[in-house]
$ cat structure-v3.cif   # mmCIF, C-alpha atoms and all ligand atoms
data_final
#
loop_
_atom_site.label_atom_id
_atom_site.label_comp_id
_atom_site.auth_asym_id
_atom_site.auth_seq_id
_atom_site.Cartn_x
_atom_site.Cartn_y
_atom_site.Cartn_z
CA MET A 1 -1.66 -19.83 10.89
CA LEU A 2 -3.95 -20.44 7.95
CA VAL A 3 -7.72 -20.35 8.36
CA THR A 4 -9.66 -21.94 5.53
CA GLY A 5 -13.35 -22.29 4.86
CA ALA A 6 -15.96 -21.81 2.17
CA ASN A 7 -17.47 -18.40 1.49
CA GLY A 8 -19.78 -17.48 4.34
CA ALA A 9 -18.32 -20.13 6.67
CA GLY A 10 -17.23 -17.57 9.29
CA LYS A 11 -13.55 -16.79 8.59
CA THR A 12 -14.06 -13.04 8.77
CA ASN A 13 -16.12 -13.52 11.92
CA LEU A 14 -13.25 -15.42 13.52
CA LEU A 15 -10.71 -12.72 12.67
CA GLU A 16 -13.08 -10.00 13.79
CA SER A 17 -13.52 -11.70 17.15
CA LEU A 18 -9.73 -11.81 17.57
CA HIS A 19 -9.57 -8.10 16.82
CA VAL A 20 -12.43 -7.20 19.14
CA GLY A 21 -11.03 -9.46 21.87
CA THR A 22 -7.56 -7.91 21.72
CA GLN A 23 -8.37 -4.28 20.80
CA GLY A 24 -11.87 -3.70 22.09
CA PHE A 25 -13.36 -2.67 18.76
CA SER A 26 -14.16 -4.12 15.37
CA PRO A 27 -12.20 -3.18 12.26
CA ARG A 28 -15.51 -3.40 10.37
CA THR A 29 -18.05 -1.48 12.37
CA ARG A 30 -18.39 0.91 15.30
CA VAL A 31 -21.89 -0.39 15.98
CA ASP A 32 -21.27 -2.90 18.76
CA ALA A 33 -24.74 -4.41 18.43
CA GLN A 34 -23.57 -5.86 15.11
CA LEU A 35 -21.03 -7.95 17.01
CA VAL A 36 -23.77 -9.84 18.80
CA ARG A 37 -25.33 -12.85 17.11
CA LEU A 38 -28.74 -11.97 15.69
CA GLY A 39 -31.43 -12.75 18.23
CA CYS A 40 -28.99 -12.90 21.17
CA GLU A 41 -28.46 -10.40 24.00
CA GLY A 42 -24.73 -10.43 24.25
CA ALA A 43 -21.47 -11.83 23.03
CA ARG A 44 -18.37 -13.05 24.85
CA ILE A 45 -14.85 -13.49 23.54
CA ALA A 46 -12.28 -15.30 25.66
CA LEU A 47 -8.69 -15.53 24.44
CA GLY A 48 -5.68 -17.24 25.88
CA GLY A 49 -2.13 -16.71 24.76
CA ASP A 50 1.25 -15.69 26.00
CA ARG A 51 3.02 -12.39 26.11
CA ALA A 52 6.77 -12.28 26.55
CA GLY A 53 6.64 -15.82 27.94
CA ARG A 54 3.84 -15.14 30.45
CA PRO A 55 0.27 -16.34 30.09
CA LEU A 56 -2.24 -13.75 28.96
CA LEU A 57 -5.99 -14.20 29.31
CA LEU A 58 -8.36 -11.73 27.77
CA GLU A 59 -12.09 -11.69 28.17
CA LEU A 60 -14.45 -9.26 26.54
CA THR A 61 -18.21 -9.09 26.73
CA VAL A 62 -20.57 -7.03 24.60
CA HIS A 63 -24.05 -6.37 25.93
CA ALA A 64 -26.81 -4.57 24.13
CA GLN A 65 -27.48 -2.47 27.26
CA GLN A 66 -24.32 -2.50 29.37
CA GLY A 67 -21.86 -1.90 26.54
CA LYS A 68 -18.44 -3.53 26.46
CA ARG A 69 -16.32 -4.78 29.33
CA ALA A 70 -12.92 -6.36 29.34
CA LYS A 71 -10.80 -8.36 31.76
CA LEU A 72 -7.11 -9.02 31.58
CA ASN A 73 -5.86 -12.06 33.49
CA GLY A 74 -9.08 -11.97 35.49
CA ALA A 75 -8.88 -8.29 36.51
CA ALA A 76 -11.47 -5.89 35.12
CA LEU A 77 -10.04 -3.10 32.98
CA ARG A 78 -11.26 0.45 33.51
CA SER A 79 -12.28 0.60 29.87
CA VAL A 80 -11.96 -1.63 26.84
CA GLU A 81 -9.75 1.08 25.26
CA GLN A 82 -7.04 -0.04 27.68
CA LEU A 83 -6.67 -3.26 25.70
CA ARG A 84 -4.99 -1.31 22.94
CA SER A 85 -2.10 -0.38 25.18
CA GLU A 86 -1.71 -4.03 26.22
CA VAL A 87 -1.81 -5.90 22.92
CA ALA A 88 -0.96 -4.71 19.43
CA THR A 89 -3.10 -6.19 16.68
CA LEU A 90 -2.62 -5.16 13.06
CA VAL A 91 -5.30 -6.04 10.58
CA PHE A 92 -5.73 -6.14 6.84
CA THR A 93 -9.18 -6.48 5.34
CA PRO A 94 -10.23 -5.38 1.86
CA ASP A 95 -11.92 -2.35 3.54
CA ARG A 96 -8.49 -1.16 4.62
CA LEU A 97 -7.75 0.16 1.14
CA VAL A 98 -9.50 3.26 2.43
CA VAL A 99 -6.24 4.12 4.20
CA VAL A 100 -4.69 4.84 0.81
CA LYS A 101 -7.64 5.76 -1.37
CA GLY A 102 -9.91 7.43 1.17
CA GLY A 103 -9.96 11.01 2.36
CA PRO A 104 -7.42 12.61 4.71
CA ALA A 105 -9.51 11.83 7.81
CA ALA A 106 -9.17 8.08 7.23
CA ARG A 107 -5.40 8.42 6.87
CA ARG A 108 -5.05 10.63 9.94
CA ALA A 109 -7.02 8.11 12.00
CA TYR A 110 -4.90 5.23 10.72
CA PHE A 111 -1.53 6.89 11.27
CA ASP A 112 -2.55 8.26 14.67
CA ARG A 113 -3.31 4.69 15.77
CA SER A 114 0.12 3.67 14.45
CA LEU A 115 1.60 6.59 16.40
CA ALA A 116 -0.03 5.31 19.58
CA ARG A 117 1.55 1.88 19.10
CA VAL A 118 4.95 2.99 17.87
CA LEU A 119 5.35 5.86 20.37
CA PRO A 120 3.27 4.63 23.32
CA ALA A 121 4.44 7.45 25.63
CA ARG A 122 2.67 9.87 23.28
CA ALA A 123 -0.37 7.69 22.55
CA ALA A 124 -2.74 10.24 24.12
CA LEU A 125 -1.57 13.20 22.00
CA PRO A 126 -4.09 12.85 19.14
CA LEU A 127 -7.00 12.85 21.60
CA GLU A 128 -5.56 15.67 23.72
CA TYR A 129 -5.08 17.79 20.62
CA ALA A 130 -8.60 17.01 19.37
CA ALA A 131 -9.98 18.03 22.77
CA ALA A 132 -8.06 21.34 22.63
CA VAL A 133 -9.45 22.05 19.14
CA GLY A 134 -12.93 21.23 20.42
CA GLN A 135 -12.49 23.67 23.32
CA ARG A 136 -11.16 26.38 21.05
CA ASN A 137 -14.07 25.88 18.65
CA ALA A 138 -16.54 26.16 21.52
CA ALA A 139 -14.80 29.35 22.70
CA LEU A 140 -14.88 30.71 19.12
CA ARG A 141 -18.62 30.14 18.90
CA ARG A 142 -19.25 31.79 22.28
CA ALA A 143 -17.16 34.80 21.30
CA GLY A 144 -18.64 34.89 17.78
CA GLY A 145 -22.12 34.90 19.26
CA GLY A 146 -21.23 37.73 21.63
CA LEU A 147 -21.48 35.50 24.72
CA SER A 148 -17.88 36.22 25.70
CA GLY A 149 -14.97 38.42 24.68
CA ARG A 150 -12.48 37.17 22.12
CA GLU A 151 -9.77 37.07 24.78
CA ALA A 152 -11.53 33.94 26.03
CA VAL A 153 -10.29 32.16 22.90
CA GLU A 154 -6.65 32.97 23.67
CA PRO A 155 -5.77 30.23 26.17
CA TRP A 156 -7.14 27.66 23.75
CA THR A 157 -5.14 29.15 20.88
CA HIS A 158 -1.99 28.55 22.94
CA GLN A 159 -3.11 25.06 23.81
CA VAL A 160 -3.88 24.20 20.16
CA ALA A 161 -0.49 25.56 19.05
CA ALA A 162 1.44 23.68 21.76
CA LEU A 163 -0.35 20.34 21.41
CA GLY A 164 -0.53 20.75 17.62
CA ALA A 165 3.23 21.19 17.38
CA ALA A 166 3.78 18.16 19.61
CA LEU A 167 1.37 16.12 17.48
CA VAL A 168 3.05 17.11 14.21
CA ALA A 169 6.43 16.19 15.71
CA ALA A 170 5.14 12.80 16.85
CA ARG A 171 3.54 12.11 13.47
CA LEU A 172 6.77 13.00 11.67
CA GLU A 173 8.69 10.75 14.01
CA THR A 174 6.24 7.90 13.37
CA LEU A 175 6.50 8.35 9.60
CA GLY A 176 10.28 8.58 9.91
CA LEU A 177 10.29 5.16 11.59
CA LEU A 178 7.76 3.54 9.27
CA GLY A 179 8.84 5.15 5.98
CA PRO A 180 12.13 3.35 5.24
CA VAL A 181 10.77 -0.11 6.15
CA PHE A 182 7.60 0.65 4.20
CA ALA A 183 9.70 1.46 1.12
CA GLU A 184 11.66 -1.80 1.46
CA ARG A 185 8.60 -4.01 1.88
CA ALA A 186 6.76 -2.24 -0.94
CA ASP A 187 9.74 -2.71 -3.23
CA GLU A 188 9.81 -6.42 -2.42
CA LEU A 189 6.15 -6.68 -3.28
CA GLY A 190 6.74 -4.89 -6.57
CA LEU A 191 5.76 -1.32 -5.70
CA ALA A 192 8.75 0.78 -6.69
CA GLU A 193 10.04 3.89 -4.91
CA ALA A 194 7.27 3.93 -2.35
CA ALA A 195 7.37 6.75 0.18
CA LEU A 196 5.39 8.37 2.96
CA GLY A 197 5.17 12.13 3.20
CA TYR A 198 3.49 14.59 5.51
CA THR A 199 1.59 17.63 4.36
CA GLY A 200 1.28 20.19 7.09
CA VAL A 201 3.42 22.32 9.36
CA PRO A 202 3.15 22.83 13.11
CA PRO A 203 0.58 25.52 13.92
CA THR A 204 1.83 28.63 15.68
CA VAL A 205 0.05 31.13 17.91
CA ALA A 206 0.84 33.86 15.37
CA GLU A 207 -0.73 31.88 12.53
CA LEU A 208 -3.84 31.07 14.57
CA ASP A 209 -4.14 34.70 15.72
CA ALA A 210 -3.84 35.90 12.14
CA ARG A 211 -6.88 33.87 11.15
CA LEU A 212 -8.96 34.69 14.21
CA GLU A 213 -11.53 36.72 12.23
CA ARG A 214 -12.22 33.86 9.84
CA ASP A 215 -12.24 31.31 12.66
CA LEU A 216 -14.74 33.43 14.63
CA GLU A 217 -16.98 33.67 11.60
CA ARG A 218 -16.97 29.94 10.97
CA GLY A 219 -16.81 28.81 14.57
CA THR A 220 -14.04 26.33 13.76
CA THR A 221 -10.26 26.27 13.86
CA GLY A 222 -9.11 26.45 10.23
CA ALA A 223 -5.44 25.52 10.67
CA GLY A 224 -3.60 22.77 12.46
CA PRO A 225 -2.81 19.05 12.22
CA HIS A 226 -6.50 18.08 12.37
CA LEU A 227 -6.42 19.16 8.70
CA ASP A 228 -3.06 17.65 7.71
CA ASP A 229 -2.60 14.59 5.52
CA VAL A 230 -0.13 11.81 4.85
CA THR A 231 0.84 11.14 1.26
CA VAL A 232 1.51 7.61 0.05
CA THR A 233 3.45 7.70 -3.19
CA SER A 234 5.18 5.41 -5.65
CA GLY A 235 7.77 7.42 -7.54
CA PRO A 236 6.04 10.63 -8.56
CA ARG A 237 2.53 9.17 -8.29
CA GLU A 238 0.25 9.73 -5.35
CA LEU A 239 -1.43 6.34 -4.95
CA ARG A 240 -4.62 7.85 -3.59
CA SER A 241 -5.53 9.24 -7.02
CA PHE A 242 -3.14 7.51 -9.40
CA GLY A 243 -2.70 4.04 -7.94
CA SER A 244 -4.47 0.94 -9.19
CA GLN A 245 -6.49 -1.07 -6.69
CA GLY A 246 -3.67 -3.64 -6.70
CA GLU A 247 -1.04 -1.00 -5.92
CA GLN A 248 -3.19 0.45 -3.16
CA ARG A 249 -3.48 -3.03 -1.67
CA LEU A 250 0.30 -3.53 -1.80
CA ALA A 251 0.78 -0.15 -0.10
CA VAL A 252 -1.60 -1.03 2.74
CA LEU A 253 0.11 -4.41 3.20
CA SER A 254 3.55 -2.78 3.18
CA LEU A 255 2.39 -0.32 5.83
CA LEU A 256 1.22 -3.18 8.00
CA LEU A 257 4.48 -5.11 7.55
CA ALA A 258 6.51 -1.97 8.24
CA GLU A 259 4.68 -1.28 11.48
CA ALA A 260 4.95 -4.90 12.60
CA GLU A 261 8.71 -4.78 12.05
CA VAL A 262 9.13 -1.43 13.76
CA LEU A 263 7.14 -2.64 16.77
CA ALA A 264 9.18 -5.84 16.98
CA GLU A 265 12.55 -4.14 16.64
CA LEU A 266 11.92 -0.97 18.59
CA ARG A 267 9.66 -2.12 21.36
CA GLY A 268 10.13 -5.88 21.41
CA VAL A 269 6.38 -6.17 20.79
CA PHE A 270 5.43 -8.89 18.35
CA PRO A 271 1.99 -7.93 17.13
CA LEU A 272 -0.86 -10.18 16.26
CA VAL A 273 -1.28 -9.84 12.50
CA LEU A 274 -4.67 -10.60 10.95
CA LEU A 275 -4.91 -10.81 7.18
CA ASP A 276 -8.36 -11.37 5.76
CA ASP A 277 -9.00 -12.14 2.11
CA VAL A 278 -5.61 -11.00 0.92
CA LEU A 279 -4.10 -14.07 -0.72
CA SER A 280 -6.62 -14.53 -3.51
CA GLU A 281 -5.87 -11.03 -4.76
CA LEU A 282 -2.11 -11.52 -5.06
CA ASP A 283 -0.13 -13.37 -7.71
CA ALA A 284 1.97 -16.38 -6.70
CA LEU A 285 5.22 -14.45 -6.37
CA ARG A 286 3.77 -11.74 -4.14
CA ARG A 287 1.94 -14.37 -2.09
CA ARG A 288 5.24 -16.05 -1.35
CA THR A 289 6.98 -12.80 -0.48
CA LEU A 290 4.17 -11.83 1.86
CA ALA A 291 4.03 -15.28 3.47
CA GLU A 292 7.77 -15.22 4.17
CA ARG A 293 7.59 -11.76 5.69
CA ILE A 294 4.61 -12.25 7.97
CA GLY A 295 6.11 -15.38 9.41
CA ALA A 296 8.95 -13.26 10.79
CA VAL A 297 7.13 -10.36 12.46
CA GLY A 298 4.80 -11.94 14.97
CA GLN A 299 1.88 -14.28 15.07
CA ALA A 300 -0.01 -14.05 11.81
CA ILE A 301 -3.42 -15.43 11.00
CA VAL A 302 -4.40 -15.52 7.35
CA THR A 303 -7.69 -16.53 5.77
CA ALA A 304 -8.26 -18.22 2.43
CA THR A 305 -10.95 -20.38 0.87
CA GLY A 306 -8.47 -23.19 0.27
CA ALA A 307 -5.21 -24.43 1.83
CA ASP A 308 -3.38 -24.14 -1.50
CA ALA A 309 -3.58 -20.33 -1.35
CA LEU A 310 -0.56 -20.15 0.96
CA PRO A 311 2.66 -21.10 -0.79
CA LEU A 312 4.27 -22.16 2.52
CA GLU A 313 3.38 -24.79 5.06
CA PRO A 314 1.50 -22.96 7.83
CA ALA A 315 2.45 -23.66 11.45
CA GLN A 316 -1.18 -24.39 12.06
CA LEU A 317 -4.14 -25.02 9.77
CA LEU A 318 -7.69 -24.31 10.94
CA GLU A 319 -10.87 -25.06 9.12
CA VAL A 320 -13.99 -23.01 9.67
CA THR A 321 -17.44 -24.42 9.04
CA PRO A 322 -20.59 -22.55 10.07
CA GLY A 323 -20.48 -22.40 13.87
CA ALA A 324 -17.30 -24.43 14.35
CA VAL A 325 -13.51 -24.20 14.04
CA SER A 326 -11.44 -27.38 13.80
CA ALA A 327 -7.82 -28.28 13.19
CA GLY A 328 -7.44 -28.87 9.46
N1 LIG A 401 -24.54 -10.62 13.89
C1 LIG A 401 -24.67 -11.75 13.19
N2 LIG A 401 -25.47 -12.74 13.64
C2 LIG A 401 -25.58 -13.90 12.96
N3 LIG A 401 -24.94 -14.16 11.80
C3 LIG A 401 -24.14 -13.21 11.29
C4 LIG A 401 -23.95 -11.97 11.96
N4 LIG A 401 -23.08 -11.22 11.23
C5 LIG A 401 -22.75 -11.97 10.17
N5 LIG A 401 -23.37 -13.15 10.19
C6 LIG A 401 -23.26 -14.27 9.22
O1 LIG A 401 -22.05 -14.96 9.43
C7 LIG A 401 -21.76 -15.72 8.25
C8 LIG A 401 -20.24 -15.85 8.08
O2 LIG A 401 -19.70 -14.65 7.57
P1 LIG A 401 -18.15 -14.41 7.33
O3 LIG A 401 -17.38 -14.57 8.59
O4 LIG A 401 -18.06 -13.11 6.67
O5 LIG A 401 -17.77 -15.59 6.33
P2 LIG A 401 -16.44 -15.77 5.48
O6 LIG A 401 -15.47 -14.70 5.85
O7 LIG A 401 -15.94 -17.13 5.84
O8 LIG A 401 -16.85 -15.71 4.03
C9 LIG A 401 -22.46 -14.98 7.12
O9 LIG A 401 -23.40 -15.87 6.58
C10 LIG A 401 -23.15 -13.82 7.79
O10 LIG A 401 -24.42 -13.57 7.25
MG MG A 402 -14.66 -13.17 4.73
#
$ encode --input "structure-v3.cif" --output "structure tokens" --more "lines below"
Ligand SMILES: Nc1ncnc2c1ncn2[C@@H]1O[C@H](COP(=O)(O)OP(=O)(O)O)[C@@H](O)[C@H]1O
Ligand SMILES: [Mg+2]
Amino acid sequence: MLVTGANGAGKTNLLESLHVGTQGFSPRTRVDAQLVRLGCEGARIALGGDRAGRPLLLELTVHAQQGKRAKLNGAALRSVEQLRSEVATLVFTPDRLVVVKGGPAARRAYFDRSLARVLPARAALPLEYAAAVGQRNAALRRAGGGLSGREAVEPWTHQVAALGAALVAARLETLGLLGPVFAERADELGLAEAALGYTGVPPTVAELDARLERDLERGTTGAGPHLDDVTVTSGPRELRSFGSQGEQRLAVLSLLLAEAEVLAELRGVFPLVLLDDVLSELDALRRRTLAERIGAVGQAIVTATGADALPLEPAQLLEVTPGAVSAG
């Protein structure tokens, strides 16, 4: 589906509302008040679609005071976070380049969300591990401040080692699934010998014990997958430091395509793919390659200022004007 409209017409708003309505959060901001129209008290997004042949109705409201609430087929969800386990939405916006060029934290967050979608049975691992690190850090600070003995840190050391090892294994498995498809899609888009790598090893109790003195001094756990990173390379070059903006964009797009394909093939989940402001930055050949690929992996919604930006005939053409969306 192609969404066209002049600059400032509301294309990004439309895609953002689809993301918020299906995932419960904006790809642009964590400040929910920004999702509400200026001068209004709340916002409501209602979406209808089908999932595996059955109708799916999603409704999400954002209120300045009451926060966010979501309903699925009329039934209230316990939290809007639940949406993420119901619908997979993959998004590209120019901000997403941060996945490749940003710091390790941005990459960890990105790949841990991929992990949750690709390996849904282990979706909770990143949060469980983070909680264990938080508990160990709190225990370190109590012991460091003389409020408890250092043996109080021990159970958390075991917990961090166990959950950390499970998290590293799940991340490696995720990268193992995404990596080969990523390399193929990147190659097609003109990024040669692209690869994903993982820097980090599973933490062990022995390793954590060996650094207990330092950890007590600093009050934080100085080893473990909360400090690991994913490398995105093309041949010998790490794209974070040595990739052009264009190459970084191709890498982010290839990651998205790879995940969409893995989800479709492995889990039979065809994600909703949202691509904002991507076409104008690609040359004609890459635009065609991308257009052919996205048509095959799920429902894709692409924005552009004009209909000629897409080299294929879209299944549906929408035109956005301020405050309105109409069939083009
Ligand atoms: N919370 C808000 N309340 C009212 N208007 C907003 C809000 N956030 C953004 N806008 C306005 O929405 C308009 C459409 O923006 P956008 O969707 O980014 O356009 P496009 O992607 O088509 O260029 C912009 O003029 C912007 O100032
Ligand atoms: Mg826009």
$ closest_residue --input "structure-v3.cif" --among "A:Asn13, A:Thr93, A:Thr61, A:Thr4" --to "Asp32 of chain A" --atoms "all atoms listed in the file"
A:Thr61
$ residues_near_ligand --input "structure-v3.cif" --ligand "ligand MG 402 (chain A)" --cutoff "8 Å" --atoms "all atoms listed in the file" --output "PyMOL selection string"
chain A and resi 7-8+10-13+276-277+303
$ closest_atom_pairs --input "structure-v3.cif" --of "chain A" --to "ligand LIG 401 (chain A)" --cutoff "12 Å" --atoms "all atoms listed in the file" --output "tab-separated table"
residue	atom	partner	partner_atom	distance
A:Val3	CA	A:LIG401	O7	9.2
A:Thr4	CA	A:LIG401	O7	7.9
A:Gly5	CA	A:LIG401	O7	5.9
A:Ala6	CA	A:LIG401	O7	5.9
A:Asn7	CA	A:LIG401	O8	3.8
A:Gly8	CA	A:LIG401	O5	3.4
A:Ala9	CA	A:LIG401	O7	3.9
A:Gly10	CA	A:LIG401	O3	3.1
A:Lys11	CA	A:LIG401	O7	3.7
A:Thr12	CA	A:LIG401	O6	3.6
A:Asn13	CA	A:LIG401	O3	3.7
A:Leu14	CA	A:LIG401	O3	6.5
A:Leu15	CA	A:LIG401	O3	8.0
A:Glu16	CA	A:LIG401	O3	8.1
A:Ser17	CA	A:LIG401	O3	9.8
A:Arg28	CA	A:LIG401	O4	10.7
A:Thr29	CA	A:LIG401	N4	11.0
A:Val31	CA	A:LIG401	N1	10.8
A:Asp32	CA	A:LIG401	N1	9.7
A:Ala33	CA	A:LIG401	N1	7.7
A:Gln34	CA	A:LIG401	N1	5.0
A:Leu35	CA	A:LIG401	N1	5.4
A:Val36	CA	A:LIG401	N1	5.0
A:Arg37	CA	A:LIG401	N2	3.5
A:Leu38	CA	A:LIG401	N2	3.9
A:Gly39	CA	A:LIG401	N2	7.5
A:Cys40	CA	A:LIG401	N2	8.3
A:Glu41	CA	A:LIG401	N1	10.8
A:Gly42	CA	A:LIG401	N1	10.4
A:Ala43	CA	A:LIG401	N1	9.7
A:Val62	CA	A:LIG401	N1	12.0
A:Thr93	CA	A:LIG401	O6	10.4
A:Pro94	CA	A:LIG401	O6	11.4
A:Leu275	CA	A:LIG401	O6	11.3
A:Asp276	CA	A:LIG401	O6	7.9
A:Asp277	CA	A:LIG401	O6	7.9
A:Val278	CA	A:LIG401	O6	11.6
A:Val302	CA	A:LIG401	O6	11.2
A:Thr303	CA	A:LIG401	O6	8.0
A:Ala304	CA	A:LIG401	O7	8.5
A:Thr305	CA	A:LIG401	O7	7.8
A:Gly306	CA	A:LIG401	O7	11.1
A:Glu319	CA	A:LIG401	O7	10.0
A:Val320	CA	A:LIG401	O7	7.3
A:Thr321	CA	A:LIG401	O7	8.1
A:Pro322	CA	A:LIG401	C8	7.0
A:Gly323	CA	A:LIG401	C8	8.7
A:Ala324	CA	A:LIG401	C8	11.0
A:Val325	CA	A:LIG401	O7	11.1
$ residues_around --input "structure-v3.cif" --residues "Ala105 of chain A" --least-positions-apart "2" --cutoff "9 Å" --atoms "only C-alpha atoms" --output "ChimeraX atom specification"
/A:102-103,107-110,226-229
$ closest_residue --input "structure-v3.cif" --among "A:Gly219, A:Val181, A:Glu154, A:Gly24" --to "Gly134 of chain A" --atoms "all atoms listed in the file"
A:Gly219
$ axis_aligned_box --input "structure-v3.cif" --around "segment 37-54 of chain A" --padding-each-side "5 Å" --output "AutoDock Vina command-line options"
--center_x -12.3 --center_y -13.8 --center_z 23.1 --size_x 48.2 --size_y 16.8 --size_z 24.8
$ residues_around --input "structure-v3.cif" --residues "Glu259 of chain A" --least-positions-apart "2" --cutoff "10 Å" --atoms "only C-alpha atoms" --output "list in words"
Leu90, Ser114, Leu115, Arg117, Val118, Thr174, Leu175, Leu177, Leu178, Gly179, Val181, Phe182, Leu253, Ser254, Leu255, Leu256, Leu257, Glu261, Val262, Leu263, Ala264, Glu265, Pro271 and Val297 of chain A
$ residues_near_point --input "structure-v3.cif" --point "(9.0, 7.3, -5.9)" --cutoff "8 Å" --atoms "all atoms listed in the file" --output "PyMOL selection string"
chain A and resi 192-195+233-237
$ write_last_selection --input "structure-v3.cif" --atoms "C-alpha atoms" --output "PDB file, in the frame of the given file"
ATOM      1  CA  ALA A 192       8.750   0.780  -6.690  1.00  0.00           C
ATOM      2  CA  GLU A 193      10.040   3.890  -4.910  1.00  0.00           C
ATOM      3  CA  ALA A 194       7.270   3.930  -2.350  1.00  0.00           C
ATOM      4  CA  ALA A 195       7.370   6.750   0.180  1.00  0.00           C
ATOM      5  CA  THR A 233       3.450   7.700  -3.190  1.00  0.00           C
ATOM      6  CA  SER A 234       5.180   5.410  -5.650  1.00  0.00           C
ATOM      7  CA  GLY A 235       7.770   7.420  -7.540  1.00  0.00           C
ATOM      8  CA  PRO A 236       6.040  10.630  -8.560  1.00  0.00           C
ATOM      9  CA  ARG A 237       2.530   9.170  -8.290  1.00  0.00           C
TER      10      ARG A 237
END
$ closest_residue --input "structure-v3.cif" --among "A:Ala75, A:Val205, A:Val269, A:Leu279" --to "Gly298 of chain A" --atoms "all atoms listed in the file"
A:Val269
$ atom_distance --input "structure-v3.cif" --atom1 "atom CA of Ala143 of chain A" --atom2 "atom CA of Leu208 of chain A"
15.4 Å
$ residues_around --input "structure-v3.cif" --residues "Gln299 of chain A" --least-positions-apart "6" --cutoff "8 Å" --atoms "all atoms listed in the file" --output "JSON list (two decimals) with C-alpha atoms, in the frame of the given file"
[["chain", "number", "residue", "atom", "x", "y", "z"],
["A", 1, "MET", "CA", -1.66, -19.83, 10.89],
["A", 270, "PHE", "CA", 5.43, -8.89, 18.35],
["A", 271, "PRO", "CA", 1.99, -7.93, 17.13],
["A", 272, "LEU", "CA", -0.86, -10.18, 16.26],
["A", 273, "VAL", "CA", -1.28, -9.84, 12.50]]
$ closest_residue --input "structure-v3.cif" --among "A:Asp112, A:Leu72, A:Gly246, A:Arg218" --to "Pro126 of chain A" --atoms "all atoms listed in the file"
A:Asp112
$ closest_residue --input "structure-v3.cif" --among "A:Ile45, A:Ala139, A:Val98, A:Leu127" --to "Leu239 of chain A" --atoms "only C-alpha atoms"
A:Val98
$ atom_distance --input "structure-v3.cif" --atom1 "atom CA of Gly190 of chain A" --atom2 "atom CA of Phe111 of chain A"
22.9 Å
